$ cat run.csv   # CSV, C-alpha atoms and all ligand atoms
chain,number,residue,atom,x,y,z
A,310,MET,CA,-1.8,-4.6,-5.0
A,311,ALA,CA,-2.9,-5.3,-8.5
A,312,GLY,CA,0.0,-5.2,-11.0
A,313,VAL,CA,2.5,-5.0,-8.1
A,314,THR,CA,2.3,-7.8,-5.5
A,315,ASP,CA,2.6,-10.8,-7.7
A,316,ARG,CA,4.3,-13.9,-6.3
A,317,PRO,CA,7.9,-12.9,-7.1
A,318,PHE,CA,7.5,-9.5,-5.5
A,319,ARG,CA,5.7,-10.9,-2.5
A,320,GLN,CA,8.5,-13.4,-1.9
A,321,LEU,CA,11.1,-10.6,-2.2
A,322,CYS,CA,9.2,-8.5,0.4
A,323,ARG,CA,8.9,-11.4,2.7
A,324,ARG,CA,12.6,-12.1,2.5
A,325,LEU,CA,13.4,-8.5,3.2
A,326,GLY,CA,11.3,-8.2,6.4
A,327,ALA,CA,7.6,-8.1,5.5
A,328,GLY,CA,5.7,-10.3,8.0
A,329,TYR,CA,2.8,-10.8,5.6
A,330,ALA,CA,2.0,-10.1,2.0
A,331,VAL,CA,-1.4,-10.4,0.3
A,332,SER,CA,-1.9,-11.4,-3.3
A,333,GLU,CA,-3.1,-9.2,-6.1
A,334,MET,CA,-6.8,-9.2,-6.2
A,335,VAL,CA,-8.5,-12.1,-8.0
A,336,THR,CA,-11.8,-11.5,-9.6
A,337,SER,CA,-14.9,-13.4,-8.6
A,338,ARG,CA,-15.9,-13.6,-12.2
A,339,LYS,CA,-15.6,-17.3,-13.0
A,340,GLU,CA,-15.4,-16.8,-16.7
A,341,LEU,CA,-12.0,-15.1,-16.1
A,342,TRP,CA,-10.5,-17.7,-13.9
A,343,GLY,CA,-9.0,-19.6,-16.8
A,344,SER,CA,-7.3,-16.4,-18.2
A,345,LEU,CA,-3.6,-16.1,-18.0
A,346,LYS,CA,-3.8,-13.1,-15.8
A,347,THR,CA,-6.0,-14.7,-13.2
A,348,SER,CA,-4.2,-18.0,-13.2
A,349,ARG,CA,-0.9,-16.2,-12.6
A,350,ARG,CA,-2.5,-14.3,-9.8
A,351,ALA,CA,-3.5,-17.6,-8.2
A,352,ASP,CA,0.0,-19.1,-8.5
A,353,HIS,CA,1.5,-19.6,-5.1
A,354,SER,CA,4.3,-22.2,-5.9
A,355,GLY,CA,7.1,-21.9,-3.4
A,356,GLU,CA,5.5,-19.1,-1.5
A,357,PRO,CA,6.0,-19.0,2.3
A,358,GLY,CA,2.8,-19.2,4.3
A,359,PRO,CA,0.4,-17.8,5.3
A,360,ILE,CA,-0.8,-17.5,1.7
A,361,ALA,CA,-3.4,-14.7,1.7
A,362,VAL,CA,-5.5,-14.2,-1.4
A,363,GLN,CA,-7.6,-11.1,-2.0
A,364,ILE,CA,-10.9,-11.5,-3.9
A,365,ALA,CA,-13.0,-8.8,-5.5
A,366,GLY,CA,-16.6,-8.8,-6.7
A,367,THR,CA,-20.2,-7.8,-6.2
A,368,ASP,CA,-22.2,-10.9,-5.8
A,369,ALA,CA,-22.2,-12.8,-2.5
A,370,ALA,CA,-22.6,-16.3,-4.0
A,371,MET,CA,-19.8,-15.6,-6.6
A,372,MET,CA,-17.5,-14.3,-3.9
A,373,ALA,CA,-18.1,-17.4,-1.8
A,374,GLU,CA,-17.3,-19.5,-4.8
A,375,ALA,CA,-14.2,-17.5,-5.5
A,376,ALA,CA,-13.1,-18.0,-1.9
A,377,ALA,CA,-13.6,-21.8,-2.2
A,378,TYR,CA,-11.8,-21.9,-5.5
A,379,ASN,CA,-8.7,-20.1,-4.1
A,380,ILE,CA,-8.6,-22.2,-1.0
A,381,ASP,CA,-8.5,-25.2,-3.3
A,382,ARG,CA,-5.5,-23.6,-4.9
A,383,GLY,CA,-3.6,-23.0,-1.7
A,384,ALA,CA,-5.1,-19.9,0.0
A,385,GLN,CA,-4.8,-20.1,3.8
A,386,ILE,CA,-6.4,-16.7,4.3
A,387,ILE,CA,-9.1,-15.0,2.2
A,388,ASP,CA,-9.1,-11.2,2.1
A,389,ILE,CA,-12.1,-9.3,0.8
A,390,ASN,CA,-11.4,-6.1,-1.3
A,391,MET,CA,-13.6,-3.1,-0.3
A,392,GLY,CA,-10.8,-0.6,-0.8
A,393,CYS,CA,-10.1,-0.4,-4.5
A,394,PRO,CA,-11.2,2.9,-6.0
A,395,ALA,CA,-10.5,1.9,-9.6
A,396,LYS,CA,-13.3,2.9,-12.0
A,397,LYS,CA,-13.5,-0.5,-13.7
A,398,VAL,CA,-14.0,-2.1,-10.4
A,399,CYS,CA,-16.4,0.5,-9.0
A,400,ASN,CA,-18.6,0.6,-12.1
A,401,LYS,CA,-19.4,-2.9,-11.3
A,402,TRP,CA,-19.9,-1.9,-7.7
A,403,ALA,CA,-17.0,-3.8,-6.4
A,404,GLY,CA,-14.0,-2.5,-4.4
A,405,SER,CA,-14.7,0.5,-2.3
A,406,ALA,CA,-18.1,1.1,-3.9
A,407,LEU,CA,-19.3,-1.7,-1.7
A,408,MET,CA,-18.9,0.5,1.3
A,409,ARG,CA,-21.9,2.5,-0.1
A,410,ASN,CA,-24.1,-0.5,-0.1
A,411,GLU,CA,-23.9,-1.7,3.5
A,412,ALA,CA,-26.5,-4.4,3.1
A,413,LEU,CA,-24.7,-6.0,0.1
A,414,ALA,CA,-21.3,-5.6,1.8
A,415,LEU,CA,-22.6,-7.5,4.8
A,416,GLU,CA,-24.2,-10.1,2.6
A,417,ILE,CA,-20.8,-10.7,0.9
A,418,VAL,CA,-19.0,-11.0,4.2
A,419,GLU,CA,-21.5,-13.4,5.6
A,420,ALA,CA,-21.4,-15.6,2.5
A,421,VAL,CA,-17.6,-15.7,2.3
A,422,VAL,CA,-17.2,-16.3,6.1
A,423,ALA,CA,-19.7,-19.2,5.9
A,424,VAL,CA,-17.9,-21.0,3.1
A,425,CYS,CA,-14.5,-20.4,4.6
A,426,ALA,CA,-15.6,-21.7,8.0
A,427,LYS,CA,-16.2,-25.1,6.3
A,428,SER,CA,-12.9,-25.1,4.4
A,429,GLY,CA,-9.3,-25.8,5.4
A,430,VAL,CA,-7.9,-28.3,7.8
A,431,THR,CA,-9.3,-27.3,11.2
A,432,GLY,CA,-11.3,-24.4,12.3
A,433,GLY,CA,-11.8,-23.1,8.8
A,434,VAL,CA,-10.0,-20.4,6.8
A,435,PRO,CA,-9.8,-16.9,8.3
A,436,VAL,CA,-11.5,-14.1,6.4
A,437,THR,CA,-9.9,-10.6,6.5
A,438,LEU,CA,-11.1,-7.4,4.8
A,439,LYS,CA,-9.5,-4.3,3.5
A,440,MET,CA,-11.5,-1.1,3.2
A,441,ARG,CA,-11.2,2.7,3.1
A,442,THR,CA,-12.6,5.2,5.6
A,443,GLY,CA,-15.7,5.6,3.5
A,444,TRP,CA,-17.0,6.8,0.1
A,445,SER,CA,-16.5,10.5,0.7
A,446,ALA,CA,-15.8,13.0,3.5
A,447,ASP,CA,-19.6,13.1,4.0
A,448,GLU,CA,-20.0,9.3,4.0
A,449,ARG,CA,-17.3,8.1,6.3
A,450,ASN,CA,-18.9,4.9,7.5
A,451,ALA,CA,-15.8,2.7,8.2
A,452,LEU,CA,-16.6,2.5,11.9
A,453,ARG,CA,-20.2,1.3,11.4
A,454,LEU,CA,-19.1,-1.2,8.8
A,455,ALA,CA,-16.2,-2.4,11.0
A,456,ARG,CA,-18.6,-3.3,13.8
A,457,LEU,CA,-20.9,-5.2,11.4
A,458,PHE,CA,-18.0,-7.0,9.9
A,459,GLU,CA,-16.5,-8.0,13.2
A,460,SER,CA,-19.9,-9.4,14.3
A,461,ALA,CA,-20.1,-11.3,11.0
A,462,GLY,CA,-16.8,-13.1,11.6
A,463,ILE,CA,-14.1,-11.0,9.9
A,464,ALA,CA,-10.8,-12.0,11.6
A,465,MET,CA,-8.7,-8.9,10.8
A,466,LEU,CA,-9.5,-5.5,9.2
A,467,THR,CA,-7.1,-3.3,7.3
A,468,ILE,CA,-8.1,0.4,6.8
A,469,HIS,CA,-6.6,2.7,4.2
A,470,GLY,CA,-7.0,6.2,5.7
A,471,ARG,CA,-8.6,7.7,2.6
A,472,THR,CA,-12.1,7.9,1.2
A,473,ARG,CA,-13.0,6.5,-2.2
A,474,GLU,CA,-13.4,10.1,-3.4
A,475,GLN,CA,-9.8,10.9,-2.7
A,476,GLY,CA,-8.4,8.1,-4.8
A,477,TYR,CA,-4.7,8.3,-3.9
A,478,LYS,CA,-4.7,12.1,-3.6
A,479,GLY,CA,-4.5,14.2,-0.4
A,480,LEU,CA,-3.2,12.8,2.8
A,481,ALA,CA,-4.3,9.7,4.7
A,482,GLU,CA,-6.0,10.4,8.0
A,483,TYR,CA,-5.6,8.2,11.0
A,484,ASP,CA,-8.4,9.3,13.3
A,485,THR,CA,-10.9,6.9,11.7
A,486,ILE,CA,-8.4,4.1,12.0
A,487,ALA,CA,-7.9,4.9,15.7
A,488,ALA,CA,-11.6,5.0,16.3
A,489,VAL,CA,-12.1,1.6,14.6
A,490,LYS,CA,-9.2,0.1,16.6
A,491,THR,CA,-10.8,1.4,19.9
A,492,ALA,CA,-14.2,-0.1,19.0
A,493,LEU,CA,-13.1,-3.6,17.8
A,494,THR,CA,-11.4,-6.6,19.5
A,495,ILE,CA,-10.1,-8.2,16.3
A,496,PRO,CA,-6.7,-7.0,15.0
A,497,VAL,CA,-6.7,-3.7,13.0
A,498,VAL,CA,-4.1,-2.9,10.4
A,499,ALA,CA,-3.4,0.8,9.6
A,500,ASN,CA,-2.5,1.7,6.0
A,501,GLY,CA,-1.8,4.8,4.0
A,502,ASP,CA,1.3,7.0,3.3
A,503,ILE,CA,3.6,5.0,5.6
A,504,ASP,CA,6.9,5.6,3.9
A,505,SER,CA,9.6,5.7,6.6
A,506,PRO,CA,10.5,4.1,10.0
A,507,GLU,CA,9.5,7.3,11.8
A,508,LYS,CA,6.1,7.5,10.1
A,509,ALA,CA,5.5,3.8,10.9
A,510,ARG,CA,6.3,4.5,14.6
A,511,ASP,CA,4.0,7.5,14.6
A,512,VAL,CA,1.1,5.8,12.9
A,513,LEU,CA,1.3,2.9,15.2
A,514,ALA,CA,1.3,5.1,18.3
A,515,TYR,CA,-1.5,7.4,17.0
A,516,THR,CA,-3.9,4.6,15.9
A,517,GLY,CA,-3.0,1.9,18.4
A,518,ALA,CA,-3.2,-0.5,15.4
A,519,ASN,CA,-1.9,-4.0,15.8
A,520,ALA,CA,0.1,-3.8,12.6
A,521,LEU,CA,0.9,-1.6,9.6
A,522,MET,CA,0.5,-2.2,5.9
A,523,ILE,CA,2.9,-0.6,3.5
A,524,GLY,CA,2.1,-0.4,-0.2
A,525,ARG,CA,3.6,2.2,-2.6
A,526,ALA,CA,6.7,2.8,-0.5
A,527,ALA,CA,7.8,-0.8,-1.0
A,528,GLN,CA,7.7,-0.4,-4.8
A,529,GLY,CA,11.4,-0.5,-5.8
A,530,ARG,CA,12.3,-0.4,-2.1
A,531,PRO,CA,11.2,-3.7,-0.6
A,532,TRP,CA,13.9,-3.4,2.1
A,533,ILE,CA,11.7,-0.8,3.7
A,534,PHE,CA,10.1,-3.7,5.7
A,535,ARG,CA,13.3,-4.6,7.4
A,536,GLU,CA,14.2,-1.0,8.0
A,537,VAL,CA,10.8,-0.4,9.7
A,538,ALA,CA,11.0,-3.6,11.7
A,539,HIS,CA,14.5,-2.8,12.9
A,540,PHE,CA,13.6,0.7,13.9
A,541,LEU,CA,10.5,-0.4,15.8
A,542,ALA,CA,12.5,-3.0,17.6
A,543,THR,CA,15.6,-1.0,18.5
A,544,GLY,CA,14.8,2.7,17.9
A,545,GLU,CA,17.8,2.8,15.6
A,546,HIS,CA,18.1,3.1,11.9
A,547,LEU,CA,19.4,0.2,9.8
A,548,ALA,CA,22.0,1.3,7.3
A,549,ALA,CA,20.7,1.6,3.7
A,550,PRO,CA,21.5,-1.5,1.6
A,551,THR,CA,24.7,-1.4,-0.3
A,552,VAL,CA,24.4,-0.7,-4.0
A,553,LEU,CA,25.6,-4.2,-4.8
A,554,GLU,CA,23.0,-5.8,-2.4
A,555,ALA,CA,20.2,-3.8,-4.1
A,556,ARG,CA,21.6,-4.9,-7.5
A,557,ASP,CA,21.6,-8.5,-6.5
A,558,TRP,CA,18.1,-8.4,-5.0
A,559,LEU,CA,16.7,-6.8,-8.1
A,560,THR,CA,18.5,-9.3,-10.3
A,561,GLU,CA,17.1,-12.2,-8.4
A,562,HIS,CA,13.6,-10.6,-8.5
A,563,LEU,CA,13.9,-10.2,-12.3
A,564,HIS,CA,14.8,-13.8,-12.8
A,565,ASP,CA,11.7,-14.9,-10.8
A,566,HIS,CA,9.6,-12.4,-12.7
A,567,TYR,CA,10.7,-13.7,-16.1
A,568,GLY,CA,10.0,-17.2,-14.8
A,569,LEU,CA,6.4,-16.4,-13.9
A,570,TYR,CA,5.5,-14.2,-17.0
A,571,GLY,CA,7.8,-15.7,-19.7
A,572,ALA,CA,10.5,-13.9,-21.6
A,573,LEU,CA,8.5,-11.4,-23.7
A,574,SER,CA,5.8,-10.4,-21.3
A,575,GLY,CA,8.2,-10.6,-18.3
A,576,MET,CA,10.7,-8.3,-20.0
A,577,ARG,CA,8.0,-5.7,-20.6
A,578,SER,CA,6.3,-5.9,-17.1
A,579,ALA,CA,9.7,-5.9,-15.4
A,580,ARG,CA,10.3,-2.4,-16.7
A,581,LYS,CA,8.0,-0.9,-14.1
A,582,HIS,CA,9.8,-2.7,-11.2
A,583,ILE,CA,13.2,-1.5,-12.6
A,584,GLY,CA,11.8,2.0,-13.0
A,585,TRP,CA,10.6,2.1,-9.4
A,586,ALA,CA,14.0,0.7,-8.2
A,587,VAL,CA,16.0,3.5,-9.9
A,588,ARG,CA,13.5,6.3,-9.3
A,589,GLY,CA,15.0,9.2,-7.5
A,590,LEU,CA,18.5,7.8,-7.7
A,591,PRO,CA,21.2,9.9,-9.5
A,592,GLY,CA,20.8,9.3,-13.2
A,593,GLY,CA,17.8,7.0,-12.6
A,594,GLU,CA,15.4,8.8,-14.9
A,595,ALA,CA,17.8,8.7,-17.9
A,596,PHE,CA,18.5,5.0,-17.2
A,597,ARG,CA,14.7,4.2,-17.0
A,598,GLN,CA,14.2,5.7,-20.4
A,599,HIS,CA,17.1,3.8,-21.9
A,600,MET,CA,16.0,0.6,-20.3
A,601,ASN,CA,12.5,1.0,-21.9
A,602,THR,CA,14.2,0.7,-25.3
A,603,LEU,CA,15.8,-2.7,-24.5
A,604,GLU,CA,13.9,-5.6,-26.0
A,605,SER,CA,15.3,-8.7,-24.3
A,606,CYS,CA,15.7,-10.1,-20.8
A,607,ASP,CA,19.4,-10.5,-21.2
A,608,LEU,CA,19.9,-6.9,-22.3
A,609,GLN,CA,17.7,-5.7,-19.4
A,610,LEU,CA,19.7,-7.7,-16.9
A,611,GLN,CA,23.1,-6.6,-18.3
A,612,ALA,CA,22.0,-2.9,-18.4
A,613,LEU,CA,20.8,-3.1,-14.9
A,614,ARG,CA,24.0,-4.7,-13.7
A,615,ASP,CA,26.2,-2.1,-15.5
A,616,TRP,CA,24.1,0.8,-14.1
A,617,PHE,CA,24.3,-0.4,-10.5
A,618,ASP,CA,28.0,-1.2,-10.9
A,619,GLU,CA,28.6,2.3,-12.1
A,620,LEU,CA,26.6,3.7,-9.2
A,621,GLY,CA,28.6,1.5,-6.9
A,622,GLN,CA,31.8,3.2,-7.9
A,623,THR,CA,30.7,6.5,-6.3
A,624,HIS,CA,28.4,5.1,-3.6
A,625,ASP,CA,28.9,2.2,-1.2
A,626,ARG,CA,25.3,2.4,0.0
A,627,LEU,CA,22.2,3.5,-1.8
A,628,PRO,CA,22.0,7.2,-1.6
A,629,PRO,CA,18.7,8.9,-0.4
A,630,THR,CA,16.2,9.2,-3.2
A,631,VAL,CA,14.5,12.3,-4.4
A,632,ALA,CA,10.8,12.0,-4.3
A,633,ALA,CA,9.3,11.6,-7.8
A,634,ALA,CA,5.7,12.2,-8.9
A,635,ASN,CA,3.5,9.2,-9.7
A,636,ASP,CA,0.0,8.9,-11.0
A,637,GLU,CA,-1.3,6.1,-8.7
A,638,ASP,CA,-4.9,6.7,-9.7
A,639,ALA,CA,-4.2,5.9,-13.3
A,640,GLN,CA,-1.8,3.1,-12.4
A,641,ALA,CA,-4.4,1.5,-10.1
A,642,ASP,CA,-7.2,1.9,-12.6
A,643,GLU,CA,-5.2,0.0,-15.2
A,644,ALA,CA,-4.0,-2.6,-12.8
A,645,CYS,CA,-7.3,-3.3,-11.1
A,646,ALA,CA,-9.2,-3.9,-14.3
A,647,ALA,CA,-10.6,-7.4,-14.0
A,701,LIG,C1,-1.1,0.3,-8.4
A,701,LIG,C2,-1.9,0.0,-7.2
A,701,LIG,C3,-2.7,-1.1,-7.1
A,701,LIG,C4,-3.4,-1.4,-5.9
A,701,LIG,N1,-4.1,-2.6,-5.9
A,701,LIG,C5,-4.8,-2.9,-4.7
A,701,LIG,C6,-5.5,-4.1,-4.6
A,701,LIG,O1,-5.6,-4.9,-5.6
A,701,LIG,N2,-6.2,-4.4,-3.5
A,701,LIG,C7,-6.1,-3.5,-2.4
A,701,LIG,O2,-6.7,-3.8,-1.4
A,701,LIG,N3,-5.5,-2.3,-2.5
A,701,LIG,C8,-4.8,-2.0,-3.6
A,701,LIG,N4,-4.1,-0.8,-3.7
A,701,LIG,C9,-4.1,0.1,-2.5
A,701,LIG,C10,-3.0,-0.2,-1.6
A,701,LIG,O3,-3.1,-1.5,-1.1
A,701,LIG,C11,-2.9,0.8,-0.4
A,701,LIG,O4,-4.1,0.7,0.3
A,701,LIG,C12,-2.8,2.2,-0.9
A,701,LIG,O5,-1.8,2.3,-1.9
A,701,LIG,C13,-2.4,3.1,0.3
A,701,LIG,O6,-1.2,2.6,1.0
A,701,LIG,P1,0.3,3.2,0.7
A,701,LIG,O7,0.2,4.7,1.0
A,701,LIG,O8,1.1,2.4,1.7
A,701,LIG,O9,0.5,2.9,-0.7
A,701,LIG,C14,-3.4,-0.5,-4.8
A,701,LIG,C15,-2.7,0.6,-4.9
A,701,LIG,C16,-1.9,0.9,-6.1
A,701,LIG,C17,-1.1,2.2,-6.2

$ encode --input "run.csv" --output "structure tokens"
Amino acid sequence: MAGVTDRPFRQLCRRLGAGYAVSEMVTSRKELWGSLKTSRRADHSGEPGPIAVQIAGTDAAMMAEAAAYNIDRGAQIIDINMGCPAKKVCNKWAGSALMRNEALALEIVEAVVAVCAKSGVTGGVPVTLKMRTGWSADERNALRLARLFESAGIAMLTIHGRTREQGYKGLAEYDTIAAVKTALTIPVVANGDIDSPEKARDVLAYTGANALMIGRAAQGRPWIFREVAHFLATGEHLAAPTVLEARDWLTEHLHDHYGLYGALSGMRSARKHIGWAVRGLPGGEAFRQHMNTLESCDLQLQALRDWFDELGQTHDRLPPTVAAANDEDAQADEACAA
């Protein structure tokens, strides 16, 4: 997820139970590879394998080159983005817009698969792909594309159960994902609106998918992965983390975050992670607003520690959160801009 799943956040999710975490998307536009944003996105130092890098673009040769470039920088799996609805990506016909141009989509897949087959140690680098159910309710072509992509050598397919037209609105549907799973032999990953262990169990059962992908529900709640894994394995709920555990995970995350982005930019971009972490908790909104006025990493860390310590005086474990509205369309638009 652009603007979310940077290396520090991926590492935290992996530590807290995620089996797999894909990088933020990296543009196939070569002129941007030297930019700070792209070079940070291609930074995998200390990351546990498999290192999966998502690439986005509209030109088959450029996408193949982007795959090779990222493999040289440590990618062990290349993921093609055909799911992003963001305007800046779609205006250039990348992301989910590619689903509307099936010939170009297939050309990109073939070019990336060909270059990845020749890369890596043995047997080449697997290529996976993420897409939506289609462009709109009238153009729901995920099943047709999935068959084409499997024949072209895609090793695993993730489907977000919304159309491009929906953005992040409405509800994800799982019938299309179930139909794709029935038709293919490669692993299929179900995605969209999975935000609790029960939902995870139900989506797995309904779609027959081989795995689940969780996005927004992990923002500020990366322990959702271990909660889901525990529930699927035992049928029982894992207790919520203690307030002090959450405080310490967030503190470690912030240190890693400042390390990657530097003090000034890290302090600013950390605000969104802190905001997600306190969202829906008692007093969380007031704290978020206060925290946005603090202008140094030390002040941010101290405020966070004080706030969680105070919460810890009335709660041993994190209390259930109250759902808060979020404008994911705007957030994704901003984050996905190449
Ligand atoms: C801010 C934001 C950025 C995203 N960036 C990407 C991206 O770079 N690549 C991608 O495949 N999906 C991206 N997505 C989509 C998510 O991966 C996921 O498909 C979607 O949020 C639905 O799953 P969820 O309900 O579990 O969040 C993004 C979503 C959001 C909200």

$ residues_near_ligand --input "run.csv" --ligand "ligand LIG 701 (chain A)" --cutoff "9 Å" --atoms "all atoms listed in the file" --output "NGL selection string"
:A and (310-314 or 331-335 or 363-365 or 388-395 or 404 or 438-441 or 467-471 or 477 or 480-481 or 500-504 or 521-528 or 636-645)

$ residues_near_point --input "run.csv" --point "(12.3, 0.2, 5.1)" --cutoff "9 Å" --atoms "only C-alpha atoms" --output "list in words"
Leu325, Gly326, Asp504, Ser505, Pro506, Ala526, Ala527, Arg530, Pro531, Trp532, Ile533, Phe534, Arg535, Glu536, Val537, Ala538, His539, Phe540, Leu547 and Ala549 of chain A

$ atom_distance --input "run.csv" --atom1 "atom CA of Asp368 of chain A" --atom2 "atom CA of Ser348 of chain A"
20.7 Å

$ residues_near_point --input "run.csv" --point "(-17.4, -16.0, -0.7)" --cutoff "9 Å" --atoms "only C-alpha atoms" --output "PyMOL selection string"
chain A and resi 337+364+368-377+387+389+417-425

$ closest_residue --input "run.csv" --among "A:Leu569, A:Leu541, A:Ala461, A:Leu627" --to "His353 of chain A" --atoms "all atoms listed in the file"
A:Leu569

$ residues_around --input "run.csv" --residues "Leu559 of chain A" --least-positions-apart "2" --cutoff "10 Å" --atoms "all atoms listed in the file" --output "list of chain:residue names"
A:Phe318, A:Leu321, A:Gly529, A:Arg530, A:Pro531, A:Leu553, A:Glu554, A:Ala555, A:Arg556, A:Asp557, A:Glu561, A:His562, A:Leu563, A:His564, A:Asp565, A:His582, A:Ile583, A:Ala586, A:Leu610, A:Leu613, A:Arg614

$ closest_residue --input "run.csv" --among "A:Ala384, A:Ala520, A:Ala595, A:Ala327" --to "Ala351 of chain A" --atoms "all atoms listed in the file"
A:Ala384

$ atom_distance --input "run.csv" --atom1 "atom CA of Val552 of chain A" --atom2 "atom CA of Arg626 of chain A"
5.1 Å

$ atom_distance --input "run.csv" --atom1 "atom CA of Tyr329 of chain A" --atom2 "atom CA of Pro435 of chain A"
14.3 Å

$ residues_around --input "run.csv" --residues "segment 509-519 of chain A" --least-positions-apart "5" --cutoff "8 Å" --atoms "only C-alpha atoms" --output "PDB file with C-alpha atoms, keeping the file's coordinate frame"
ATOM      1  CA  TYR A 483      -5.600   8.200  11.000  1.00  0.00           C
ATOM      2  CA  ASP A 484      -8.400   9.300  13.300  1.00  0.00           C
ATOM      3  CA  ILE A 486      -8.400   4.100  12.000  1.00  0.00           C
ATOM      4  CA  ALA A 487      -7.900   4.900  15.700  1.00  0.00           C
ATOM      5  CA  ALA A 488     -11.600   5.000  16.300  1.00  0.00           C
ATOM      6  CA  LYS A 490      -9.200   0.100  16.600  1.00  0.00           C
ATOM      7  CA  THR A 491     -10.800   1.400  19.900  1.00  0.00           C
ATOM      8  CA  PRO A 496      -6.700  -7.000  15.000  1.00  0.00           C
ATOM      9  CA  VAL A 497      -6.700  -3.700  13.000  1.00  0.00           C
ATOM     10  CA  VAL A 498      -4.100  -2.900  10.400  1.00  0.00           C
ATOM     11  CA  ALA A 499      -3.400   0.800   9.600  1.00  0.00           C
ATOM     12  CA  ILE A 503       3.600   5.000   5.600  1.00  0.00           C
ATOM     13  CA  ASP A 504       6.900   5.600   3.900  1.00  0.00           C
ATOM     14  CA  VAL A 537      10.800  -0.400   9.700  1.00  0.00           C
ATOM     15  CA  LEU A 541      10.500  -0.400  15.800  1.00  0.00           C
TER      16      LEU A 541
END

$ residues_around --input "run.csv" --residues "Pro628 of chain A" --least-positions-apart "2" --cutoff "12 Å" --atoms "all atoms listed in the file" --output "list in words"
Ala548, Ala549, Pro550, Thr551, Val552, Ala555, Val587, Arg588, Gly589, Leu590, Pro591, Gly592, Gly593, Phe617, Leu620, Gly621, Thr623, His624, Asp625, Arg626, Thr630 and Val631 of chain A

$ closest_atom_pairs --input "run.csv" --of "segment 406-427 of chain A" --to "segment 444-454 of chain A" --cutoff "8 Å" --atoms "all atoms listed in the file" --output "tab-separated table"
residue	atom	partner	partner_atom	distance
A:Ala406	CA	A:Trp444	CA	7.0
A:Met408	CA	A:Trp444	CA	6.7
A:Arg409	CA	A:Trp444	CA	6.5
A:Glu411	CA	A:Leu454	CA	7.2

$ closest_residue --input "run.csv" --among "A:Ser578, A:Ser354, A:Thr336, A:Thr367" --to "Ala412 of chain A" --atoms "all atoms listed in the file"
A:Thr367

$ closest_residue --input "run.csv" --among "A:Pro317, A:Gly343, A:Gly571, A:Gly462" --to "Ala426 of chain A" --atoms "only C-alpha atoms"
A:Gly462

$ closest_residue --input "run.csv" --among "A:Lys339, A:Glu459, A:Ser405, A:Ile360" --to "Arg316 of chain A" --atoms "only C-alpha atoms"
A:Ile360

$ residues_around --input "run.csv" --residues "Asn601 of chain A" --least-positions-apart "3" --cutoff "12 Å" --atoms "all atoms listed in the file" --output "JSON list (two decimals) with C-alpha atoms, in the frame of the given file"
[["chain", "number", "residue", "atom", "x", "y", "z"],
["A", 576, "MET", "CA", 10.70, -8.30, -20.00],
["A", 577, "ARG", "CA", 8.00, -5.70, -20.60],
["A", 578, "SER", "CA", 6.30, -5.90, -17.10],
["A", 579, "ALA", "CA", 9.70, -5.90, -15.40],
["A", 580, "ARG", "CA", 10.30, -2.40, -16.70],
["A", 581, "LYS", "CA", 8.00, -0.90, -14.10],
["A", 582, "HIS", "CA", 9.80, -2.70, -11.20],
["A", 583, "ILE", "CA", 13.20, -1.50, -12.60],
["A", 584, "GLY", "CA", 11.80, 2.00, -13.00],
["A", 594, "GLU", "CA", 15.40, 8.80, -14.90],
["A", 595, "ALA", "CA", 17.80, 8.70, -17.90],
["A", 596, "PHE", "CA", 18.50, 5.00, -17.20],
["A", 597, "ARG", "CA", 14.70, 4.20, -17.00],
["A", 598, "GLN", "CA", 14.20, 5.70, -20.40],
["A", 604, "GLU", "CA", 13.90, -5.60, -26.00],
["A", 605, "SER", "CA", 15.30, -8.70, -24.30],
["A", 606, "CYS", "CA", 15.70, -10.10, -20.80],
["A", 608, "LEU", "CA", 19.90, -6.90, -22.30],
["A", 609, "GLN", "CA", 17.70, -5.70, -19.40],
["A", 612, "ALA", "CA", 22.00, -2.90, -18.40],
["A", 613, "LEU", "CA", 20.80, -3.10, -14.90]]

$ decode --input "run.csv" --residues "segment 528-535 of chain A" --atoms "N, CA and C atoms" --output "compact mmCIF listing (two decimals), in the first residue's frame"
# COMPACT_ATOMS: atom_id res chain seq x y z
N GLN A 528 -3.75 -0.81 9.56
CA GLN A 528 -3.21 0.52 9.84
C GLN A 528 -3.47 0.85 11.31
N GLY A 529 -2.42 1.01 12.05
CA GLY A 529 -2.55 1.29 13.49
C GLY A 529 -2.90 0.06 14.31
N ARG A 530 -3.17 -1.07 13.65
CA ARG A 530 -3.52 -2.32 14.36
C ARG A 530 -2.77 -3.50 13.73
N PRO A 531 -1.46 -3.42 13.65
CA PRO A 531 -0.73 -4.49 12.95
C PRO A 531 -0.85 -5.86 13.62
N TRP A 532 -1.27 -5.87 14.89
CA TRP A 532 -1.44 -7.16 15.57
C TRP A 532 -2.67 -7.91 15.08
N ILE A 533 -3.43 -7.31 14.17
CA ILE A 533 -4.59 -8.04 13.62
C ILE A 533 -4.13 -9.35 12.96
N PHE A 534 -2.90 -9.35 12.45
CA PHE A 534 -2.43 -10.56 11.76
C PHE A 534 -2.32 -11.73 12.73
N ARG A 535 -1.75 -11.48 13.90
CA ARG A 535 -1.63 -12.61 14.84
C ARG A 535 -3.00 -12.97 15.41
